[in-house]
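Peer 1: Sharing a structure here in structure tokens format.
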Amino acid sequence: MLADTVLALGVNHKVAPVEVREKLVFCDSDVPLERLMAVEGCKECCFLSTCNRVEVLFVSDSPEKTVADIRAFLFSKSGLGSQEAEQYTYLHQGRSAVNHLFRVASSLDSMIVGEPQILGQLKQAFREATEEKTTGVILNRLMDKSFSVAKRIRTETNIGGSAVSISYAAVQLAKKIFGSLQGKRVLLVGAGEMAELAAEHLVAQGIEEVVVANRTVERAVTLARRFNGKAVSLGELVEQLEYADILISSTGATDLVLRKKDVKPIMRKRMNSPLFLIDIAVPRDLDPELNSLENVYLYDIDNLKDVVEINKEERDKEAEKAERIVTEESLKFLDWLGGMEVSPVIAELRAKADAIRDAELARTLSKLGNLSHKEQKSIEVMTSSLISKLLHDPIQFIKLDTVPVRKQVKLDMVRQVFGLDKIRQDPDE
Amino acid sequence: MSLLFLFSFAVYILATTTYLAYFFTENEKIRTASRTTLVIGGLVHLLYLIHRYFQAGHTPLTSNHEAVSFFALTLTWAFLSFRWRFQVKNFGTFVTLLVTALMIVSAFSSHEIHELPPALKSNWLPIHASIAIMANAFLGLAFCGGVMYLLQEREIKKRRFGMFFSRLPSLEALDNLNQHCLAIGFPLLTLGIITGSIWAKQAWGTYWHWDPKETWSLVTWFLYAALLHFRFTMGWRGRRAAIMAIIGFLSTLFTLWGVTYFLGGVHSYVG
């Protein structure tokens, strides 16, 4: 089955702790597409790297071998053994891979469901892949589809609403605590996607400075540059807290990043000026006890959601609706993919021709009236051989190519020339 | 009871009602109307005070009725003066409630005009009494701000948003309000105590008697002094400052009434 050649291999916040994910980080400049293509069996590939995930989407004829090699490549710099590498990665194949990509694109797989950044990152990854020409018919179609699925989910469900409203809630609360946000400082802990979104909203309200603290300084620097801010290491966090007014934490560390006993002495140094702590990490980064400190206001993601009164049931309902769209679109894609195999294309081609022949034959025979059985028979034979001869070359054209990638290009072409996809009535076409 | 007093009382109640209506409806037109009403109330009340001055032949600050009535008047004008300088959403609702409460106390106190005892016949009477009561007015504003702060802070801290979150201003604005009110109220309180002490020297020969009212005003003074001191040195702000402003004001009220009714002393014939 052609569908089984589509695979997604990667690491995200659900399967691997941040310590592992960070070891896999690839710098912006060296997207490893070329090296992935060199892996045996890898015919098409696309590489996505964000703070919460590192993921390779690829097409391979011999999945088992390719998977092992790509996994080894991803973990080559991490210092982790192959067993650990296997433990921390997920692998989706065929329908599950398609499903997975659609979920990623529409932000259903994100730490904050519905956050809008991921689609842009995916588009960027695809752009890089097309520039390096590492994608072919299948991935081109799949990626393209994933963008339209994401768009569809965004317009048909309110999944994006909660992520935007969380940032909005953070801004509303900050305003109720600080009045004006002019001249206030924001400290981002962990360079998460949602933190970036929240910071963006805050900066739009006149925040003076953004400081980014992250375990890996490289990423901190990249993010800080976006806001003209400065980057510090995670070790300087408590020190930096003295000058911050708002802290947004999204590290995804398994343990608490900030505890009550760290902050208590800082509050004295700050002359008790109010501190607004926003914890959008799951599991939590910030000690829930922090809220008991005077002039400290701690909100986690659920508290923020409460502010904007989007209740959980409603959110779940939207997610459910989105999952349904993903399933529906996956099936459509697989349907198309199935059509990309040689025999069904030939069968469809023949079926179409036969249908035309049958219709025309019936019309002509009824017009001609009293024909002998023999005459009727010879007309049938004539039309049949006409079709066979006409279809012979296109069928040979598809069959006689051993390079699989080119075969798919041809199949796609034939399908278009003969209008085979029209029968399917795909509304997106 | 004087018609002017009753009229101003009625207008204050009207202003309080409209401010409450604004609080619930958040309709800007109602707010403008409330403010106009309060200004009218304040003007009528001022007329009453002038009228009473000529009626009594001396500064009308010698009975509880007069003192509390003047307290309400200064509170009104102190609020209005603040209102022109910076805006604190729904501050008016809380202040007018306090004004009305004071007017009720004043209305139910004896309206009789006292003959002034010889000891009080001095130019220090209007100076000392008016400064002391003006101090009370600003401390009263700080009290209202403190109550608002605690209400707002409670909702933000507990993450349960009821009727106050959207209606009250930010914590920062309320904390600034606290500081502004004390920045005026505390020097006035200090000045009130100093002028009282000078007057005491003139009337009774000594600056300080340890009369209960004097003692309590000193206690109040220390409370506010501590708050201001710790605000600047240790960052006592926000909730702590709000609570201190409330305690301070309760102490102020005790100095005004409690001492007279429970403890007696040289000031008692004033009340």
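Labeling convention for the structure tokens: chains A, B, ... as they appear, residues from 1 per chain, ligands from 1 in order of appearance.
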List as a list in words the protein and nucleic acid residues near B:Asn136, meaning an atom at most 8 Å away when only C-alpha atoms are counted, but skip any in the same chain fewer than 5 places from it.

Peer 2: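 Listing them by chain and then by number gives Phe71, Gly185, Leu189, Phe249 and Thr252 of chain B.
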
Peer 1: For A:Tyr243, list every protein, DNA or RNA residue within 9 Å, evaluated using only C-alpha atoms, and leave out those in the same chain fewer than 4 positions away; present the list as number ranges by chain.

Peer 2: A: 185-187, 239, 270

Peer 1: Define the interface residues of chain B facing chain A as those within 10 Å, counting only C-alpha atoms, and report them as a PyMOL selection string.

Peer 2: chain B and resi 152-153+156-161+165-166+168-174+230-240

Peer 1: By how many Å are atom CA of B:Glu115 and atom CA of B:Gly57 apart?

Peer 2: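 It comes out at 9.4 Å.
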
Peer 1: Running DSSP on the backbone, which parts of stretch 64-93 of chain B land in alpha helix (DSSP H), as a PyMOL selection string?

Peer 2: chain B and resi 64-85+91-93

Peer 1: Restricting the output to N, CA and C atoms, write the selected residues as a compact mmCIF listing (two decimals), in the first residue's frame.

Peer 2:
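Output file again-v1.txt is given in full below:
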# COMPACT_ATOMS: atom_id res chain seq x y z
N ASN B 64 -21.02 68.02 68.06
CA ASN B 64 -20.84 66.84 67.20
C ASN B 64 -21.56 67.04 65.88
N HIS B 65 -22.77 67.61 65.95
CA HIS B 65 -23.52 67.86 64.72
C HIS B 65 -22.69 68.70 63.76
N GLU B 66 -22.12 69.78 64.29
CA GLU B 66 -21.37 70.71 63.43
C GLU B 66 -20.09 70.07 62.90
N ALA B 67 -19.39 69.40 63.80
CA ALA B 67 -18.12 68.81 63.39
C ALA B 67 -18.32 67.76 62.31
N VAL B 68 -19.30 66.88 62.51
CA VAL B 68 -19.52 65.79 61.55
C VAL B 68 -20.07 66.33 60.24
N SER B 69 -20.92 67.33 60.35
CA SER B 69 -21.45 67.97 59.15
C SER B 69 -20.31 68.59 58.33
N PHE B 70 -19.40 69.24 59.03
CA PHE B 70 -18.25 69.83 58.36
C PHE B 70 -17.35 68.73 57.76
N PHE B 71 -17.26 67.64 58.48
CA PHE B 71 -16.50 66.47 58.03
C PHE B 71 -17.06 66.00 56.67
N ALA B 72 -18.39 65.87 56.61
CA ALA B 72 -19.03 65.43 55.36
C ALA B 72 -18.77 66.43 54.24
N LEU B 73 -18.85 67.70 54.59
CA LEU B 73 -18.64 68.75 53.60
C LEU B 73 -17.21 68.70 53.03
N THR B 74 -16.24 68.61 53.93
CA THR B 74 -14.84 68.58 53.45
C THR B 74 -14.56 67.30 52.66
N LEU B 75 -15.19 66.21 53.10
CA LEU B 75 -15.00 64.95 52.37
C LEU B 75 -15.51 65.11 50.93
N THR B 76 -16.68 65.72 50.81
CA THR B 76 -17.25 65.96 49.48
C THR B 76 -16.30 66.77 48.61
N TRP B 77 -15.82 67.88 49.17
CA TRP B 77 -14.97 68.75 48.36
C TRP B 77 -13.58 68.16 48.13
N ALA B 78 -13.10 67.42 49.10
CA ALA B 78 -11.80 66.76 48.90
C ALA B 78 -11.92 65.76 47.75
N PHE B 79 -13.03 65.02 47.75
CA PHE B 79 -13.26 64.06 46.66
C PHE B 79 -13.35 64.78 45.32
N LEU B 80 -14.15 65.87 45.31
CA LEU B 80 -14.32 66.57 44.03
C LEU B 80 -13.00 67.15 43.54
N SER B 81 -12.17 67.62 44.46
CA SER B 81 -10.87 68.18 44.04
C SER B 81 -9.99 67.07 43.47
N PHE B 82 -10.09 65.88 44.05
CA PHE B 82 -9.33 64.75 43.52
C PHE B 82 -9.82 64.36 42.15
N ARG B 83 -11.13 64.39 42.05
CA ARG B 83 -11.77 63.96 40.82
C ARG B 83 -11.27 64.79 39.63
N TRP B 84 -10.92 66.07 39.94
CA TRP B 84 -10.44 66.90 38.84
C TRP B 84 -8.99 66.59 38.47
N ARG B 85 -8.30 66.07 39.44
CA ARG B 85 -6.88 65.81 39.16
C ARG B 85 -6.64 64.45 38.52
N PHE B 91 -14.94 55.56 42.42
CA PHE B 91 -14.52 56.08 43.72
C PHE B 91 -15.71 56.82 44.34
N GLY B 92 -16.42 57.56 43.50
CA GLY B 92 -17.55 58.37 43.95
C GLY B 92 -18.60 57.55 44.69
N THR B 93 -18.83 56.33 44.23
CA THR B 93 -19.84 55.48 44.87
C THR B 93 -19.48 55.25 46.33

Peer 1: Fewer than 2 positions away in the same chain doesn't count, so skip those; otherwise give me all residues within 9 Å of A:Asn12, counting only C-alpha atoms, as an NGL selection string.

Peer 2: :A and (10 or 14-18 or 21 or 51-55 or 88-90 or 110)

Peer 1: Output all heavy atoms for every residue in the selection just made, as a compact mmCIF listing (two decimals), in the first residue's frame.

Peer 2:
# COMPACT_ATOMS: atom_id res chain seq x y z
N GLY A 10 9.08 11.71 15.23
CA GLY A 10 9.49 12.92 15.93
C GLY A 10 9.40 12.84 17.43
O GLY A 10 9.09 11.81 18.03
N LYS A 14 4.74 15.80 24.41
CA LYS A 14 3.96 14.74 25.04
C LYS A 14 4.80 13.50 25.32
O LYS A 14 4.54 12.79 26.27
CB LYS A 14 2.78 14.36 24.15
CG LYS A 14 1.69 15.41 24.19
CD LYS A 14 0.55 15.05 23.25
CE LYS A 14 -0.44 16.19 23.21
NZ LYS A 14 -1.30 16.10 22.01
N VAL A 15 5.78 13.26 24.44
CA VAL A 15 6.53 12.01 24.61
C VAL A 15 7.91 12.22 25.25
O VAL A 15 8.48 11.26 25.76
CB VAL A 15 6.73 11.26 23.27
CG1 VAL A 15 5.39 10.81 22.73
CG2 VAL A 15 7.45 12.11 22.26
N ALA A 16 8.43 13.44 25.20
CA ALA A 16 9.78 13.61 25.73
C ALA A 16 9.86 14.86 26.61
O ALA A 16 9.28 15.89 26.27
CB ALA A 16 10.77 13.74 24.58
N PRO A 17 10.54 14.76 27.73
CA PRO A 17 10.73 15.95 28.57
C PRO A 17 11.61 16.98 27.85
O PRO A 17 12.32 16.64 26.91
CB PRO A 17 11.42 15.40 29.81
CG PRO A 17 12.04 14.13 29.39
CD PRO A 17 11.18 13.59 28.30
N VAL A 18 11.55 18.19 28.34
CA VAL A 18 12.26 19.29 27.67
C VAL A 18 13.76 19.02 27.58
O VAL A 18 14.41 19.38 26.61
CB VAL A 18 11.95 20.62 28.36
CG1 VAL A 18 12.52 20.66 29.77
CG2 VAL A 18 12.45 21.78 27.55
N ARG A 21 14.23 17.07 24.49
CA ARG A 21 13.92 17.82 23.27
C ARG A 21 15.02 18.82 22.93
O ARG A 21 15.38 19.01 21.78
CB ARG A 21 12.59 18.56 23.42
CG ARG A 21 11.42 17.63 23.60
CD ARG A 21 10.11 18.30 23.25
NE ARG A 21 9.90 19.58 23.88
CZ ARG A 21 9.30 19.76 25.05
NH1 ARG A 21 8.87 18.71 25.73
NH2 ARG A 21 9.12 20.95 25.56
N CYS A 51 9.93 24.87 19.41
CA CYS A 51 10.41 24.63 20.77
C CYS A 51 9.75 23.42 21.41
O CYS A 51 10.27 22.87 22.36
CB CYS A 51 10.23 25.86 21.64
SG CYS A 51 8.82 26.82 21.22
N ASN A 52 8.60 23.04 20.92
CA ASN A 52 7.94 21.89 21.52
C ASN A 52 8.07 20.61 20.73
O ASN A 52 7.62 19.57 21.16
CB ASN A 52 6.46 22.18 21.76
CG ASN A 52 6.28 23.12 22.93
OD1 ASN A 52 7.07 23.09 23.87
ND2 ASN A 52 5.28 23.94 22.87
N ARG A 53 8.62 20.71 19.53
CA ARG A 53 8.71 19.49 18.72
C ARG A 53 9.85 19.54 17.70
O ARG A 53 10.22 20.59 17.21
CB ARG A 53 7.39 19.23 18.01
CG ARG A 53 7.03 20.27 16.96
CD ARG A 53 5.73 19.92 16.27
NE ARG A 53 4.60 20.11 17.16
CZ ARG A 53 3.82 19.14 17.61
NH1 ARG A 53 4.05 17.90 17.23
NH2 ARG A 53 2.83 19.39 18.41
N VAL A 54 10.37 18.34 17.43
CA VAL A 54 11.30 18.16 16.32
C VAL A 54 10.73 16.97 15.56
O VAL A 54 10.47 15.93 16.15
CB VAL A 54 12.72 17.83 16.81
CG1 VAL A 54 13.61 17.52 15.62
CG2 VAL A 54 13.28 18.98 17.61
N GLU A 55 10.48 17.17 14.30
CA GLU A 55 9.70 16.16 13.61
C GLU A 55 10.12 16.03 12.14
O GLU A 55 10.37 17.03 11.49
CB GLU A 55 8.24 16.57 13.72
CG GLU A 55 7.29 15.67 13.02
CD GLU A 55 5.88 15.82 13.57
OE1 GLU A 55 5.71 16.27 14.72
OE2 GLU A 55 4.95 15.49 12.85
N TYR A 88 11.67 7.89 23.40
CA TYR A 88 11.24 9.29 23.40
C TYR A 88 10.65 9.76 22.07
O TYR A 88 10.34 10.93 21.93
CB TYR A 88 12.42 10.20 23.75
CG TYR A 88 12.83 10.10 25.20
CD1 TYR A 88 14.16 9.89 25.55
CD2 TYR A 88 11.88 10.22 26.21
CE1 TYR A 88 14.55 9.80 26.89
CE2 TYR A 88 12.26 10.12 27.55
CZ TYR A 88 13.59 9.90 27.87
OH TYR A 88 13.95 9.82 29.17
N THR A 89 10.54 8.85 21.09
CA THR A 89 9.99 9.33 19.81
C THR A 89 8.65 8.68 19.54
O THR A 89 8.34 7.61 20.06
CB THR A 89 10.92 8.99 18.63
OG1 THR A 89 11.31 7.62 18.75
CG2 THR A 89 12.14 9.87 18.60
N TYR A 90 7.87 9.34 18.73
CA TYR A 90 6.65 8.71 18.27
C TYR A 90 6.82 8.44 16.78
O TYR A 90 7.59 9.12 16.09
CB TYR A 90 5.43 9.59 18.50
CG TYR A 90 5.55 11.00 18.00
CD1 TYR A 90 5.34 11.29 16.65
CD2 TYR A 90 5.89 12.04 18.85
CE1 TYR A 90 5.46 12.58 16.18
CE2 TYR A 90 6.01 13.33 18.39
CZ TYR A 90 5.80 13.60 17.06
OH TYR A 90 5.93 14.87 16.58
N SER A 110 -0.76 20.86 19.89
CA SER A 110 0.09 21.83 20.57
C SER A 110 -0.09 21.77 22.08
O SER A 110 -1.09 21.26 22.57
CB SER A 110 -0.25 23.25 20.11
OG SER A 110 -0.01 23.37 18.75

Peer 1: To one decimal place, how far is atom CA of B:Ile133 from atom CA of B:Ser63 in Å?

Peer 2: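 These two atoms are separated by 12.8 Å.
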
Peer 1: Please, what distance in Å, to one decimal, runs between atom CA of B:Tyr207 and atom CA of B:Thr195?

Peer 2: 9.8 Å

Peer 1: I want to know what sits within 10 Å of A:Leu7, based on only C-alpha atoms, with residues of the same chain fewer than 5 positions away left out; could you give that as a list in words?

Peer 2: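 After dropping sequence-adjacent residues, the list is Cys45, Val56, Leu57, Phe58, Val59, Ser60, Pro63, Thr66, Val67, Leu91, His92, Gln93, Gly94, Arg95, Ser96, Ala97, Val98, His100 and Leu101 of chain A.
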
Peer 1: Might you pull out every residue within 10 Å of stretch 326-332 of chain A, with only C-alpha atoms counted and same-chain residues fewer than 5 positions away left off, and present them as an MDAnalysis selection string?

Peer 2: chainID A and resid 94:103 106 108 142 145:146 148:150 152:153 320:321 337:338 424 426
